[in-house]
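Colleague: My file is coords_32.tsv. It has TSV, C-alpha atoms and all ligand atoms:
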chain	number	residue	atom	x	y	z
A	1	ALA	CA	0.00	0.00	0.00
A	2	ILE	CA	1.08	3.57	-0.54
A	3	GLU	CA	0.33	6.61	1.55
A	4	VAL	CA	1.13	10.30	1.23
A	5	ARG	CA	2.33	11.99	4.39
A	6	LEU	CA	3.03	15.57	5.33
A	7	ALA	CA	6.85	15.78	5.41
A	8	SER	CA	7.17	19.41	6.45
A	9	ARG	CA	5.04	22.50	6.78
A	10	PRO	CA	5.13	24.85	3.79
A	11	HIS	CA	6.10	28.49	3.91
A	12	GLY	CA	4.10	30.18	1.16
A	13	VAL	CA	3.32	28.03	-1.87
A	14	PRO	CA	3.64	24.31	-0.99
A	15	THR	CA	6.14	22.19	-2.93
A	16	ALA	CA	6.68	18.48	-3.53
A	17	GLU	CA	9.24	18.49	-0.69
A	18	ASN	CA	6.43	19.06	1.76
A	19	PHE	CA	5.16	15.53	1.07
A	20	ASP	CA	6.54	12.03	1.60
A	21	ILE	CA	5.33	9.08	-0.41
A	22	VAL	CA	5.73	5.93	1.63
A	23	GLU	CA	5.13	2.24	1.02
A	24	VAL	CA	3.50	0.38	3.89
A	25	GLU	CA	1.93	-3.01	4.55
A	26	VAL	CA	-1.73	-3.32	3.62
A	27	PRO	CA	-3.42	-2.97	7.01
A	28	SER	CA	-5.88	-5.53	8.41
A	29	PRO	CA	-9.27	-4.60	9.81
A	30	GLY	CA	-10.11	-5.47	13.40
A	31	PRO	CA	-13.57	-6.24	14.73
A	32	GLY	CA	-16.02	-3.49	13.79
A	33	GLN	CA	-13.65	-2.17	11.16
A	34	VAL	CA	-13.46	-2.25	7.38
A	35	LEU	CA	-10.53	-2.36	4.96
A	36	VAL	CA	-11.14	-0.05	2.02
A	37	ARG	CA	-9.22	0.09	-1.25
A	38	ASN	CA	-9.45	3.71	-2.26
A	39	THR	CA	-10.43	4.55	-5.82
A	40	TRP	CA	-10.78	8.35	-5.59
A	41	LEU	CA	-9.18	10.95	-3.35
A	42	SER	CA	-10.38	14.48	-2.80
A	43	VAL	CA	-8.00	17.43	-3.07
A	44	ASP	CA	-9.28	20.58	-1.38
A	45	PRO	CA	-8.13	24.12	-0.61
A	46	TYR	CA	-8.73	23.68	3.15
A	47	MET	CA	-5.85	21.20	3.14
A	48	ARG	CA	-3.47	24.12	2.70
A	49	GLY	CA	-4.72	25.48	6.01
A	50	ARG	CA	-4.25	22.14	7.74
A	51	MET	CA	-0.65	21.92	6.51
A	52	SER	CA	0.10	24.94	8.69
A	53	SER	CA	0.38	24.67	12.43
A	54	ALA	CA	-1.78	27.77	12.91
A	55	LYS	CA	-4.90	27.10	14.90
A	56	SER	CA	-7.98	27.05	12.69
A	57	TYR	CA	-11.36	25.39	12.48
A	58	ALA	CA	-9.74	22.14	11.37
A	59	GLU	CA	-6.91	20.46	13.28
A	60	PRO	CA	-3.48	20.93	11.72
A	61	TYR	CA	-2.08	17.85	9.99
A	62	GLU	CA	0.74	16.24	11.92
A	63	VAL	CA	4.13	16.17	10.25
A	64	GLY	CA	4.90	12.53	9.39
A	65	LYS	CA	1.23	11.56	9.26
A	66	VAL	CA	-1.04	10.84	6.30
A	67	MET	CA	-2.83	13.75	4.64
A	68	HIS	CA	-6.42	13.12	5.68
A	69	GLY	CA	-9.32	14.17	3.47
A	70	GLY	CA	-12.30	12.89	1.56
A	71	ALA	CA	-11.90	9.56	-0.23
A	72	ILE	CA	-14.05	6.98	-1.97
A	73	GLY	CA	-13.22	3.31	-2.09
A	74	GLU	CA	-14.41	-0.25	-2.20
A	75	VAL	CA	-14.68	-2.39	0.90
A	76	LEU	CA	-12.25	-5.33	0.57
A	77	GLU	CA	-12.75	-6.91	3.98
A	78	SER	CA	-15.30	-6.19	6.64
A	79	GLY	CA	-15.38	-6.89	10.34
A	80	SER	CA	-18.75	-5.16	10.59
A	81	ASP	CA	-22.26	-6.42	9.88
A	82	ASP	CA	-23.07	-3.09	8.23
A	83	PHE	CA	-20.64	-3.49	5.33
A	84	ARG	CA	-19.88	-6.19	2.82
A	85	PRO	CA	-16.96	-6.57	0.42
A	86	GLY	CA	-17.82	-4.64	-2.72
A	87	ASP	CA	-19.68	-1.85	-0.95
A	88	ILE	CA	-18.62	1.62	-2.07
A	89	VAL	CA	-17.92	3.96	0.82
A	90	LEU	CA	-16.98	7.56	1.50
A	91	HIS	CA	-14.55	8.28	4.32
A	92	GLY	CA	-12.10	10.87	5.56
A	93	LEU	CA	-8.78	9.05	5.81
A	94	GLY	CA	-7.38	10.69	2.73
A	95	TRP	CA	-4.39	10.17	0.52
A	96	ARG	CA	-3.60	6.45	0.68
A	97	THR	CA	-4.33	3.41	-1.43
A	98	HIS	CA	-5.78	1.43	1.48
A	99	ALA	CA	-7.51	2.51	4.66
A	100	VAL	CA	-8.71	0.68	7.74
A	101	LEU	CA	-11.40	2.48	9.62
A	102	ASP	CA	-14.15	1.96	12.14
A	103	ALA	CA	-17.36	1.14	10.32
A	104	ALA	CA	-19.00	4.12	12.02
A	105	HIS	CA	-16.70	6.42	10.05
A	106	ALA	CA	-17.60	4.99	6.65
A	107	THR	CA	-20.65	6.13	4.70
A	108	LYS	CA	-22.13	3.90	2.04
A	109	VAL	CA	-22.78	5.62	-1.28
A	110	ASP	CA	-25.04	4.45	-4.07
A	111	PRO	CA	-23.02	3.94	-7.25
A	112	ASP	CA	-26.24	3.50	-9.27
A	113	ALA	CA	-27.59	6.92	-8.34
A	114	ALA	CA	-24.59	8.86	-9.67
A	115	PRO	CA	-20.98	8.25	-10.68
A	116	VAL	CA	-19.17	7.68	-7.40
A	117	THR	CA	-16.90	10.70	-7.91
A	118	ALA	CA	-19.96	12.92	-7.52
A	119	TYR	CA	-19.98	12.06	-3.82
A	120	LEU	CA	-16.68	13.91	-3.43
A	121	GLY	CA	-17.90	16.92	-5.42
A	122	VAL	CA	-21.29	17.99	-6.68
A	123	LEU	CA	-23.19	15.59	-4.38
A	124	GLY	CA	-20.55	15.74	-1.66
A	125	MET	CA	-18.87	18.27	0.55
A	126	THR	CA	-18.33	20.93	-2.09
A	127	GLY	CA	-21.88	20.71	-3.45
A	128	LEU	CA	-23.31	20.97	0.04
A	129	THR	CA	-21.07	23.97	0.71
A	130	ALA	CA	-22.51	25.73	-2.33
A	131	TYR	CA	-26.07	24.91	-1.33
A	132	ALA	CA	-25.69	25.88	2.33
A	133	GLY	CA	-23.82	29.09	1.51
A	134	LEU	CA	-26.37	30.24	-1.00
A	135	VAL	CA	-29.60	29.18	0.67
A	136	ASP	CA	-28.85	29.37	4.40
A	137	VAL	CA	-26.03	31.84	4.79
A	138	ALA	CA	-26.74	34.34	2.02
A	139	THR	CA	-30.53	33.81	2.25
A	140	PHE	CA	-30.75	33.82	-1.52
A	141	THR	CA	-34.16	34.88	-2.82
A	142	GLU	CA	-35.61	34.68	-6.29
A	143	GLY	CA	-34.73	37.79	-8.26
A	144	ASP	CA	-31.36	38.34	-6.57
A	145	THR	CA	-28.31	39.12	-8.65
A	146	VAL	CA	-25.51	36.84	-7.51
A	147	PHE	CA	-21.75	37.14	-7.88
A	148	VAL	CA	-19.59	34.04	-7.34
A	149	SER	CA	-15.79	34.05	-7.21
A	150	ALA	CA	-13.68	30.99	-8.06
A	151	ALA	CA	-16.82	30.32	-10.06
A	152	ALA	CA	-15.29	27.59	-12.23
A	153	GLY	CA	-14.25	25.59	-9.17
A	154	ALA	CA	-16.07	22.83	-7.33
A	155	VAL	CA	-18.06	25.04	-4.96
A	156	GLY	CA	-18.43	28.08	-7.20
A	157	SER	CA	-19.72	26.25	-10.26
A	158	VAL	CA	-22.49	24.67	-8.20
A	159	ALA	CA	-23.33	27.87	-6.33
A	160	GLY	CA	-23.76	29.84	-9.55
A	161	GLN	CA	-25.88	27.22	-11.26
A	162	LEU	CA	-28.07	26.69	-8.21
A	163	ALA	CA	-28.68	30.44	-8.04
A	164	LYS	CA	-29.69	30.43	-11.69
A	165	LEU	CA	-31.94	27.38	-11.25
A	166	ARG	CA	-33.60	28.98	-8.22
A	167	GLY	CA	-34.55	32.09	-10.16
A	168	ALA	CA	-31.66	34.52	-9.85
A	169	ARG	CA	-32.11	37.65	-11.89
A	170	ARG	CA	-28.50	37.54	-13.00
A	171	VAL	CA	-25.49	35.38	-12.09
A	172	ILE	CA	-21.94	36.62	-12.57
A	173	GLY	CA	-18.80	34.58	-12.10
A	174	SER	CA	-15.11	35.33	-11.94
A	175	ALA	CA	-12.37	32.87	-12.77
A	176	GLY	CA	-8.72	32.80	-13.74
A	177	SER	CA	-8.70	31.91	-17.43
A	178	ALA	CA	-10.52	32.65	-20.68
A	179	GLU	CA	-11.37	28.97	-21.00
A	180	LYS	CA	-13.04	28.93	-17.59
A	181	VAL	CA	-14.93	32.13	-18.40
A	182	ARG	CA	-16.19	30.54	-21.59
A	183	TRP	CA	-17.30	27.41	-19.69
A	184	LEU	CA	-19.25	29.52	-17.22
A	185	THR	CA	-21.19	31.53	-19.81
A	186	GLU	CA	-21.51	29.01	-22.62
A	187	GLU	CA	-22.03	25.77	-20.72
A	188	LEU	CA	-23.21	26.58	-17.21
A	189	GLY	CA	-25.62	29.39	-18.00
A	190	PHE	CA	-23.90	32.21	-16.11
A	191	ASP	CA	-25.18	35.52	-17.48
A	192	ALA	CA	-21.73	37.06	-17.37
A	193	ALA	CA	-18.23	36.09	-16.34
A	194	PHE	CA	-14.80	37.65	-16.38
A	195	ASN	CA	-11.18	36.70	-15.95
A	196	TYR	CA	-9.97	38.47	-12.82
A	197	LYS	CA	-6.44	38.47	-14.25
A	198	ASP	CA	-7.56	40.77	-17.10
A	199	GLY	CA	-7.88	43.91	-14.95
A	200	PRO	CA	-9.12	45.37	-11.68
A	201	VAL	CA	-11.90	43.22	-10.22
A	202	THR	CA	-14.07	46.20	-9.26
A	203	GLU	CA	-14.12	47.55	-12.80
A	204	GLN	CA	-14.85	44.19	-14.35
A	205	LEU	CA	-17.54	43.40	-11.79
A	206	ARG	CA	-19.22	46.77	-12.29
A	207	ALA	CA	-19.32	46.23	-16.03
A	208	ALA	CA	-20.77	42.74	-15.56
A	209	ALA	CA	-23.31	43.86	-12.94
A	210	PRO	CA	-24.57	47.28	-14.03
A	211	ASP	CA	-27.47	47.05	-11.56
A	212	GLY	CA	-25.29	45.88	-8.68
A	213	VAL	CA	-25.14	42.61	-6.78
A	214	ASP	CA	-27.46	41.32	-4.03
A	215	VAL	CA	-25.51	38.23	-2.98
A	216	TYR	CA	-21.75	37.71	-3.09
A	217	PHE	CA	-20.61	34.11	-2.66
A	218	ASP	CA	-16.99	34.68	-1.61
A	219	ASN	CA	-14.50	31.92	-2.24
A	220	VAL	CA	-11.51	34.19	-2.68
A	221	GLY	CA	-11.37	37.16	-0.29
A	222	GLY	CA	-8.85	39.97	-0.88
A	223	GLU	CA	-9.44	42.10	-3.96
A	224	HIS	CA	-12.60	40.17	-4.84
A	225	LEU	CA	-14.17	40.94	-1.47
A	226	GLU	CA	-13.18	44.58	-1.80
A	227	ALA	CA	-14.76	44.76	-5.27
A	228	ALA	CA	-17.95	43.10	-4.07
A	229	LEU	CA	-18.27	45.62	-1.24
A	230	ASP	CA	-18.18	48.38	-3.85
A	231	VAL	CA	-20.84	46.82	-6.01
A	232	LEU	CA	-23.26	45.26	-3.49
A	233	ASN	CA	-26.75	46.78	-3.39
A	234	LEU	CA	-28.65	47.98	-0.36
A	235	HIS	CA	-29.22	45.02	1.99
A	236	GLY	CA	-26.79	42.86	0.05
A	237	ARG	CA	-25.50	39.68	1.66
A	238	ILE	CA	-22.12	37.99	1.57
A	239	ALA	CA	-21.59	34.31	2.22
A	240	VAL	CA	-17.97	34.17	3.41
A	241	CYS	CA	-17.03	30.70	2.22
A	242	GLY	CA	-13.31	30.86	1.57
A	243	MET	CA	-10.37	33.21	1.05
A	244	ILE	CA	-8.15	31.22	-1.27
A	245	SER	CA	-6.28	34.30	-2.47
A	246	GLN	CA	-4.68	34.38	0.95
A	247	TYR	CA	-3.91	30.75	1.73
A	248	ASN	CA	-0.32	30.93	0.46
A	249	ALA	CA	0.36	34.46	1.62
A	250	THR	CA	3.56	34.96	3.61
A	251	GLU	CA	2.83	38.62	4.34
A	252	PRO	CA	-0.46	39.57	5.94
A	253	PRO	CA	-2.58	42.06	4.00
A	254	LYS	CA	-3.33	45.42	5.59
A	255	ALA	CA	-5.86	45.20	8.39
A	256	PRO	CA	-8.20	43.48	8.82
A	257	ARG	CA	-5.75	40.62	8.57
A	258	ASN	CA	-8.03	38.13	10.25
A	259	LEU	CA	-11.11	38.04	8.04
A	260	MET	CA	-10.77	34.26	8.09
A	261	GLN	CA	-12.33	34.47	11.56
A	262	PHE	CA	-15.62	34.97	9.73
A	263	ILE	CA	-15.34	31.39	8.63
A	264	SER	CA	-13.73	29.83	11.71
A	265	ARG	CA	-16.20	31.41	14.11
A	266	ARG	CA	-19.20	31.63	11.72
A	267	LEU	CA	-19.47	35.37	12.34
A	268	THR	CA	-22.07	37.71	10.92
A	269	MET	CA	-21.31	41.30	10.05
A	270	ARG	CA	-24.29	43.41	9.11
A	271	GLY	CA	-24.35	47.03	8.12
A	272	PHE	CA	-27.03	49.39	9.41
A	273	LEU	CA	-28.02	53.06	9.46
A	274	VAL	CA	-29.79	54.55	12.47
A	275	GLY	CA	-32.19	56.24	10.07
A	276	ASP	CA	-33.66	52.82	9.26
A	277	HIS	CA	-34.46	52.25	12.92
A	278	VAL	CA	-36.29	55.44	13.96
A	279	HIS	CA	-39.38	53.37	14.74
A	280	LEU	CA	-37.47	52.29	17.86
A	281	ARG	CA	-37.43	55.85	19.26
A	282	PRO	CA	-40.53	55.55	21.52
A	283	ARG	CA	-39.26	52.25	22.93
A	284	PHE	CA	-35.75	53.69	23.33
A	285	LEU	CA	-36.97	56.76	25.22
A	286	ALA	CA	-39.34	54.80	27.41
A	287	GLU	CA	-36.53	52.49	28.46
A	288	VAL	CA	-33.52	54.79	28.65
A	289	ALA	CA	-34.89	58.12	29.94
A	290	PRO	CA	-35.77	56.66	33.38
A	291	LEU	CA	-32.27	55.15	33.61
A	292	VAL	CA	-30.73	58.56	32.97
A	293	ARG	CA	-33.10	60.18	35.45
A	294	ASP	CA	-32.29	57.81	38.33
A	295	GLY	CA	-28.57	57.87	37.58
A	296	SER	CA	-28.16	54.23	36.69
A	297	LEU	CA	-27.05	55.23	33.18
A	298	LYS	CA	-24.25	57.80	33.47
A	299	TYR	CA	-23.16	60.24	30.81
A	300	SER	CA	-20.47	62.84	30.39
A	301	GLU	CA	-20.13	65.99	28.28
A	302	THR	CA	-17.04	67.90	27.27
A	303	VAL	CA	-17.98	71.53	26.69
A	304	VAL	CA	-16.02	74.01	24.61
A	305	GLU	CA	-17.00	77.65	25.05
A	306	GLY	CA	-17.87	79.91	22.11
A	307	VAL	CA	-18.96	79.36	18.55
A	308	ARG	CA	-15.57	80.52	17.33
A	309	ASN	CA	-14.05	77.53	19.01
A	310	ALA	CA	-16.28	75.08	17.16
A	311	PRO	CA	-13.55	74.20	14.62
A	312	GLN	CA	-11.05	73.58	17.41
A	313	ALA	CA	-13.62	71.54	19.30
A	314	PHE	CA	-14.04	69.44	16.22
A	315	LEU	CA	-10.28	68.99	15.80
A	316	ASP	CA	-9.99	68.16	19.51
A	317	LEU	CA	-12.75	65.60	19.11
A	318	LEU	CA	-10.80	63.88	16.36
A	319	ALA	CA	-7.75	63.93	18.62
A	320	GLY	CA	-9.70	62.47	21.53
A	321	ALA	CA	-9.93	65.50	23.80
A	322	ASN	CA	-13.52	64.67	24.68
A	323	THR	CA	-14.96	62.26	27.19
A	324	GLY	CA	-18.55	61.51	26.36
A	325	LYS	CA	-20.35	63.94	24.08
A	326	MET	CA	-18.38	66.90	22.70
A	327	LEU	CA	-20.47	70.10	22.72
A	328	VAL	CA	-19.95	73.76	21.97
A	329	ARG	CA	-21.70	76.28	24.21
A	330	VAL	CA	-22.60	79.23	21.98
A	401	LIG	P1	-11.95	25.09	-6.30
A	401	LIG	O1	-12.41	23.93	-7.08
A	401	LIG	O2	-12.67	26.39	-6.45
A	401	LIG	O3	-10.39	25.25	-6.56
A	401	LIG	C1	-9.70	26.38	-6.13
A	401	LIG	C2	-9.75	27.49	-7.20
A	401	LIG	O4	-9.39	28.71	-6.61
A	401	LIG	C3	-8.72	27.30	-8.32
A	401	LIG	O5	-9.24	26.51	-9.33
A	401	LIG	C4	-8.43	28.74	-8.77
A	401	LIG	O6	-9.24	29.02	-9.90
A	401	LIG	C5	-8.92	29.60	-7.59
A	401	LIG	N1	-7.85	30.43	-7.06
A	401	LIG	C6	-6.64	30.04	-6.59
A	401	LIG	N2	-5.91	31.10	-6.20
A	401	LIG	C7	-6.69	32.19	-6.42
A	401	LIG	C8	-6.51	33.60	-6.23
A	401	LIG	N3	-5.36	34.09	-5.72
A	401	LIG	N4	-7.50	34.44	-6.57
A	401	LIG	C9	-8.66	33.97	-7.08
A	401	LIG	N5	-8.88	32.65	-7.30
A	401	LIG	C10	-7.92	31.77	-6.96
A	401	LIG	O7	-11.97	24.73	-4.75
A	401	LIG	P2	-13.27	24.48	-3.87
A	401	LIG	O8	-14.47	24.68	-4.70
A	401	LIG	O9	-13.12	23.22	-3.14
A	401	LIG	O10	-13.18	25.66	-2.79
A	401	LIG	C11	-13.52	26.99	-3.14
A	401	LIG	C12	-13.43	27.86	-1.89
A	401	LIG	O11	-14.39	27.42	-0.95
A	401	LIG	C13	-12.09	27.83	-1.19
A	401	LIG	O12	-11.80	29.12	-0.70
A	401	LIG	C14	-12.32	26.87	-0.05
A	401	LIG	O13	-11.46	27.10	1.02
A	401	LIG	C15	-13.75	27.20	0.29
A	401	LIG	N6	-14.49	26.13	0.98
A	401	LIG	C16	-15.11	26.47	2.15
A	401	LIG	C17	-15.88	25.56	2.81
A	401	LIG	C18	-16.57	25.97	4.05
A	401	LIG	O14	-17.17	25.13	4.71
A	401	LIG	N7	-16.56	27.27	4.40
A	401	LIG	C19	-16.03	24.17	2.34
A	401	LIG	C20	-15.39	23.95	1.05
A	401	LIG	C21	-14.63	24.90	0.42
A	401	LIG	P3	-8.96	30.27	-10.90
A	401	LIG	O15	-8.39	29.71	-12.14
A	401	LIG	O16	-10.31	30.86	-11.09
A	401	LIG	O17	-8.01	31.18	-10.19
Would you give me this structure, written as structure tokens?
Ligand code: NDP
Modeller:
Amino acid sequence: AIEVRLASRPHGVPTAENFDIVEVEVPSPGPGQVLVRNTWLSVDPYMRGRMSSAKSYAEPYEVGKVMHGGAIGEVLESGSDDFRPGDIVLHGLGWRTHAVLDAAHATKVDPDAAPVTAYLGVLGMTGLTAYAGLVDVATFTEGDTVFVSAAAGAVGSVAGQLAKLRGARRVIGSAGSAEKVRWLTEELGFDAAFNYKDGPVTEQLRAAAPDGVDVYFDNVGGEHLEAALDVLNLHGRIAVCGMISQYNATEPPKAPRNLMQFISRRLTMRGFLVGDHVHLRPRFLAEVAPLVRDGSLKYSETVVEGVRNAPQAFLDLLAGANTGKMLVRV
């Protein structure tokens, strides 16, 4: 049997030296376990993150250990009543020709329902990512205009097509080659697509989305995210799925340098304007005025004397000379 192990942690773009290819004995299954001969292995961007020791949502790979990840194979031997030789299973033990695993960690897939490779992609983790990001996270609604980055990839190609099939007004994709752009528009039904290497993303996105974007499915981060923020419509939504433009970075971008926390901690960031919330004013006053009156909510004012000093008061405010509300007494 052959397995691929992490030999060392990469700095920047990974190289072949970061991996060891090792021959080992074919393992034997114990009671409750199955021996699987792998036929397909998944290769995914998140693996780059796991090659680093940095703490993230997935455990770092251990140096000297097999690169775990999605795999499909055929059961050769079974020590479990739930599996028989010949069954096709999905599991997470990754880049190896043979895997022994507890039956509980193997999932049977139906090779008659779809080609088995689909269970690693369009009907597997990446397809589900597209579906969940679009429907649950971005709360896609019929009539939305949707922009998808890395649109010719596993997640992006499904996200864009699902949006179209669910009644998007317009779906725009970005990808890194003319051939991919052609695939998106001519084969997958994207309304527009562009090659982000051809020029600034904001300009290309604006041209492709003259009426703006309601949902941005972000697989890339960086310049793509910046462009989307410029082009998103009122009450637009972003599903922060991935930031592949940064996975090999050795220098952090300018702040915020930790946008990946959106993914790790499933954060929500939502813009608002107080003007949209004036209906709260009666409730606000009813609750807060008594607190001010009885002293349980304290406030401070910094008072500058004279209208002529208004400019200086303003400059002082910007420099932090105030505590609480800065006011000018005329
Ligand atoms: P893809 O099939 O999309 O493959 C990665 C693609 O990223 C490449 O084909 C490349 O296409 C593009 N890419 C690489 N570098 C850059 C860059 N600097 N700028 C723009 N595009 C780049 O992979 P997946 O579909 O599996 O994953 C897509 C994204 O979704 C990733 O960010 C991944 O981490 C994320 N993800 C998140 C999950 C979650 O649960 N949040 C689950 C699964 C994936 P091109 O030629 O267009 O540059």
Colleague: Within 6 Å of ligand LIG 401 (chain A), counting all atoms listed in the file, which protein or nucleic acid residues do you find, written as a PyMOL selection string?
Modeller: chain A and resi 44-46+126+129+150+153-156+175-177+219-220+241-245
Colleague: Using all atoms listed in the file, can you tell me which of A:Ser8, A:Ser42, A:Ser78, A:Ser56 comes closest to Met260 in chain A?
Modeller: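 That would be A:Ser56, the residue with the smallest distance to Met260 in chain A.
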Colleague: Measure the distance from CA of Ser300 in chain A to CA of His277 in chain A in Å and round it to one decimal.
Modeller: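 Distance between the two atoms: 24.8 Å.
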Colleague: May I ask for the distance between CA of Ala178 in chain A and CA of Leu162 in chain A, given in Å to one decimal place?
Modeller: 22.3 Å
Colleague: Rounded to one decimal place, report the CA of Trp183 in chain A-CA of Ser149 in chain A distance in Å.
Modeller: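 Straight-line distance from CA of Trp183 in chain A to CA of Ser149 in chain A works out to 14.2 Å.
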Colleague: Between A:Arg169, A:Lys254, A:Arg182, A:Lys65, which has the minimum distance to Val213 in chain A (counting all atoms listed in the file)?
Modeller: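 Ranking A:Arg169, A:Lys254, A:Arg182, A:Lys65 by distance to Val213 in chain A, first place goes to A:Arg169.
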Colleague: Using only C-alpha atoms, determine which residues lie at most 12 Å from range 13-23 of chain A, disregarding the query and same-chain residues fewer than 4 positions distant; provide the list as number ranges by chain.
Modeller: A: 1-9, 27, 45, 47-52, 61-67, 95-98, 244-250
Colleague: Return the single residue from A:Val288, A:Thr139, A:Ile88, A:Leu76 that is closest to Pro115 in chain A, with distances computed using only C-alpha atoms.
Modeller: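 Using only C-alpha atoms, Pro115 in chain A sits closest to A:Ile88.
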Colleague: Around all listed atoms of range 126-139 of chain A, padded 8 Å per side, what centre and edge lengths does the axis-aligned box have in Å to one decimal, as JSON?
Modeller:
{"center_x": -24.4, "center_y": 27.5, "center_z": 0.7, "size_x": 28.2, "size_y": 29.6, "size_z": 24.2}
Colleague: Looking at all atoms listed in the file, which of A:Leu35, A:Ala130, A:Ile172, A:Leu120 is the one that sits closest to Val100 in chain A?
Modeller: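 Using all atoms listed in the file, Val100 in chain A sits closest to A:Leu35.
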Colleague: Write out as a VMD selection string each polymer residue whose atoms come within 12 Å of Asp316 in chain A, counting all atoms listed in the file; drop sequence neighbours fewer than 3 positions from it.
Modeller: chain A and resid 302 to 304 309 to 313 319 to 323 326 to 328
Colleague: Rank A:Val181, A:Ala193, A:Val274, A:Val137 by their smallest atom-to-atom distance to Val240 in chain A, using only C-alpha atoms, and report the top residue only.
Modeller: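 Closest residue, counting only C-alpha atoms: A:Val137.
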Colleague: Between A:Val43, A:Leu234, A:Ala113, A:Ala192, single out the one closest to Ala209 in chain A, counting only C-alpha atoms.
Modeller: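 For Ala209 in chain A, the nearest of the given residues is A:Ala192.
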Colleague: Do a neighbour search on Leu229 in chain A at 12 Å with only C-alpha atoms, toss out local chain neighbours closer than 3 positions, and write the hits as a ChimeraX atom specification.
Modeller: /A:147,201-202,205-206,212-218,221-226,232-238,271
Colleague: Take the residues that were just selected and, keeping C-alpha atoms, output them as a CSV table (one decimal), in the coordinates of the input.
Modeller:
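Everything below was put into out-v1.csv:
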chain,number,residue,atom,x,y,z
A,147,PHE,CA,-21.8,37.1,-7.9
A,201,VAL,CA,-11.9,43.2,-10.2
A,202,THR,CA,-14.1,46.2,-9.3
A,205,LEU,CA,-17.5,43.4,-11.8
A,206,ARG,CA,-19.2,46.8,-12.3
A,212,GLY,CA,-25.3,45.9,-8.7
A,213,VAL,CA,-25.1,42.6,-6.8
A,214,ASP,CA,-27.5,41.3,-4.0
A,215,VAL,CA,-25.5,38.2,-3.0
A,216,TYR,CA,-21.8,37.7,-3.1
A,217,PHE,CA,-20.6,34.1,-2.7
A,218,ASP,CA,-17.0,34.7,-1.6
A,221,GLY,CA,-11.4,37.2,-0.3
A,222,GLY,CA,-8.8,40.0,-0.9
A,223,GLU,CA,-9.4,42.1,-4.0
A,224,HIS,CA,-12.6,40.2,-4.8
A,225,LEU,CA,-14.2,40.9,-1.5
A,226,GLU,CA,-13.2,44.6,-1.8
A,232,LEU,CA,-23.3,45.3,-3.5
A,233,ASN,CA,-26.8,46.8,-3.4
A,234,LEU,CA,-28.6,48.0,-0.4
A,235,HIS,CA,-29.2,45.0,2.0
A,236,GLY,CA,-26.8,42.9,0.0
A,237,ARG,CA,-25.5,39.7,1.7
A,238,ILE,CA,-22.1,38.0,1.6
A,271,GLY,CA,-24.4,47.0,8.1
Colleague: Please rebuild range 280-291 of chain A with N, CA and C atoms and return the result as a PDB file, in the frame of the given file.
Modeller:
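Below you can see out_29.pdb, which holds the result:
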ATOM      1  N   LEU A 280     -37.825  52.726  16.505  1.00  0.00           N
ATOM      2  CA  LEU A 280     -37.470  52.290  17.860  1.00  0.00           C
ATOM      3  C   LEU A 280     -37.503  53.435  18.865  1.00  0.00           C
ATOM      4  N   ARG A 281     -37.599  54.691  18.375  1.00  0.00           N
ATOM      5  CA  ARG A 281     -37.430  55.850  19.260  1.00  0.00           C
ATOM      6  C   ARG A 281     -38.378  55.836  20.476  1.00  0.00           C
ATOM      7  N   PRO A 282     -39.675  55.582  20.319  1.00  0.00           N
ATOM      8  CA  PRO A 282     -40.530  55.550  21.520  1.00  0.00           C
ATOM      9  C   PRO A 282     -40.087  54.502  22.534  1.00  0.00           C
ATOM     10  N   ARG A 283     -39.713  53.317  22.037  1.00  0.00           N
ATOM     11  CA  ARG A 283     -39.260  52.250  22.930  1.00  0.00           C
ATOM     12  C   ARG A 283     -37.951  52.640  23.610  1.00  0.00           C
ATOM     13  N   PHE A 284     -37.054  53.250  22.814  1.00  0.00           N
ATOM     14  CA  PHE A 284     -35.750  53.690  23.330  1.00  0.00           C
ATOM     15  C   PHE A 284     -35.949  54.703  24.453  1.00  0.00           C
ATOM     16  N   LEU A 285     -36.777  55.718  24.211  1.00  0.00           N
ATOM     17  CA  LEU A 285     -36.970  56.760  25.220  1.00  0.00           C
ATOM     18  C   LEU A 285     -37.643  56.203  26.468  1.00  0.00           C
ATOM     19  N   ALA A 286     -38.623  55.363  26.267  1.00  0.00           N
ATOM     20  CA  ALA A 286     -39.340  54.800  27.410  1.00  0.00           C
ATOM     21  C   ALA A 286     -38.387  53.995  28.298  1.00  0.00           C
ATOM     22  N   GLU A 287     -37.430  53.343  27.685  1.00  0.00           N
ATOM     23  CA  GLU A 287     -36.530  52.490  28.460  1.00  0.00           C
ATOM     24  C   GLU A 287     -35.361  53.274  29.056  1.00  0.00           C
ATOM     25  N   VAL A 288     -34.799  54.191  28.261  1.00  0.00           N
ATOM     26  CA  VAL A 288     -33.520  54.790  28.650  1.00  0.00           C
ATOM     27  C   VAL A 288     -33.700  56.062  29.489  1.00  0.00           C
ATOM     28  N   ALA A 289     -34.727  56.867  29.194  1.00  0.00           N
ATOM     29  CA  ALA A 289     -34.890  58.120  29.940  1.00  0.00           C
ATOM     30  C   ALA A 289     -34.976  57.886  31.457  1.00  0.00           C
ATOM     31  N   PRO A 290     -35.735  56.908  31.929  1.00  0.00           N
ATOM     32  CA  PRO A 290     -35.770  56.660  33.380  1.00  0.00           C
ATOM     33  C   PRO A 290     -34.398  56.252  33.936  1.00  0.00           C
ATOM     34  N   LEU A 291     -33.601  55.568  33.148  1.00  0.00           N
ATOM     35  CA  LEU A 291     -32.270  55.150  33.610  1.00  0.00           C
ATOM     36  C   LEU A 291     -31.360  56.359  33.768  1.00  0.00           C
TER      37      LEU A 291
END
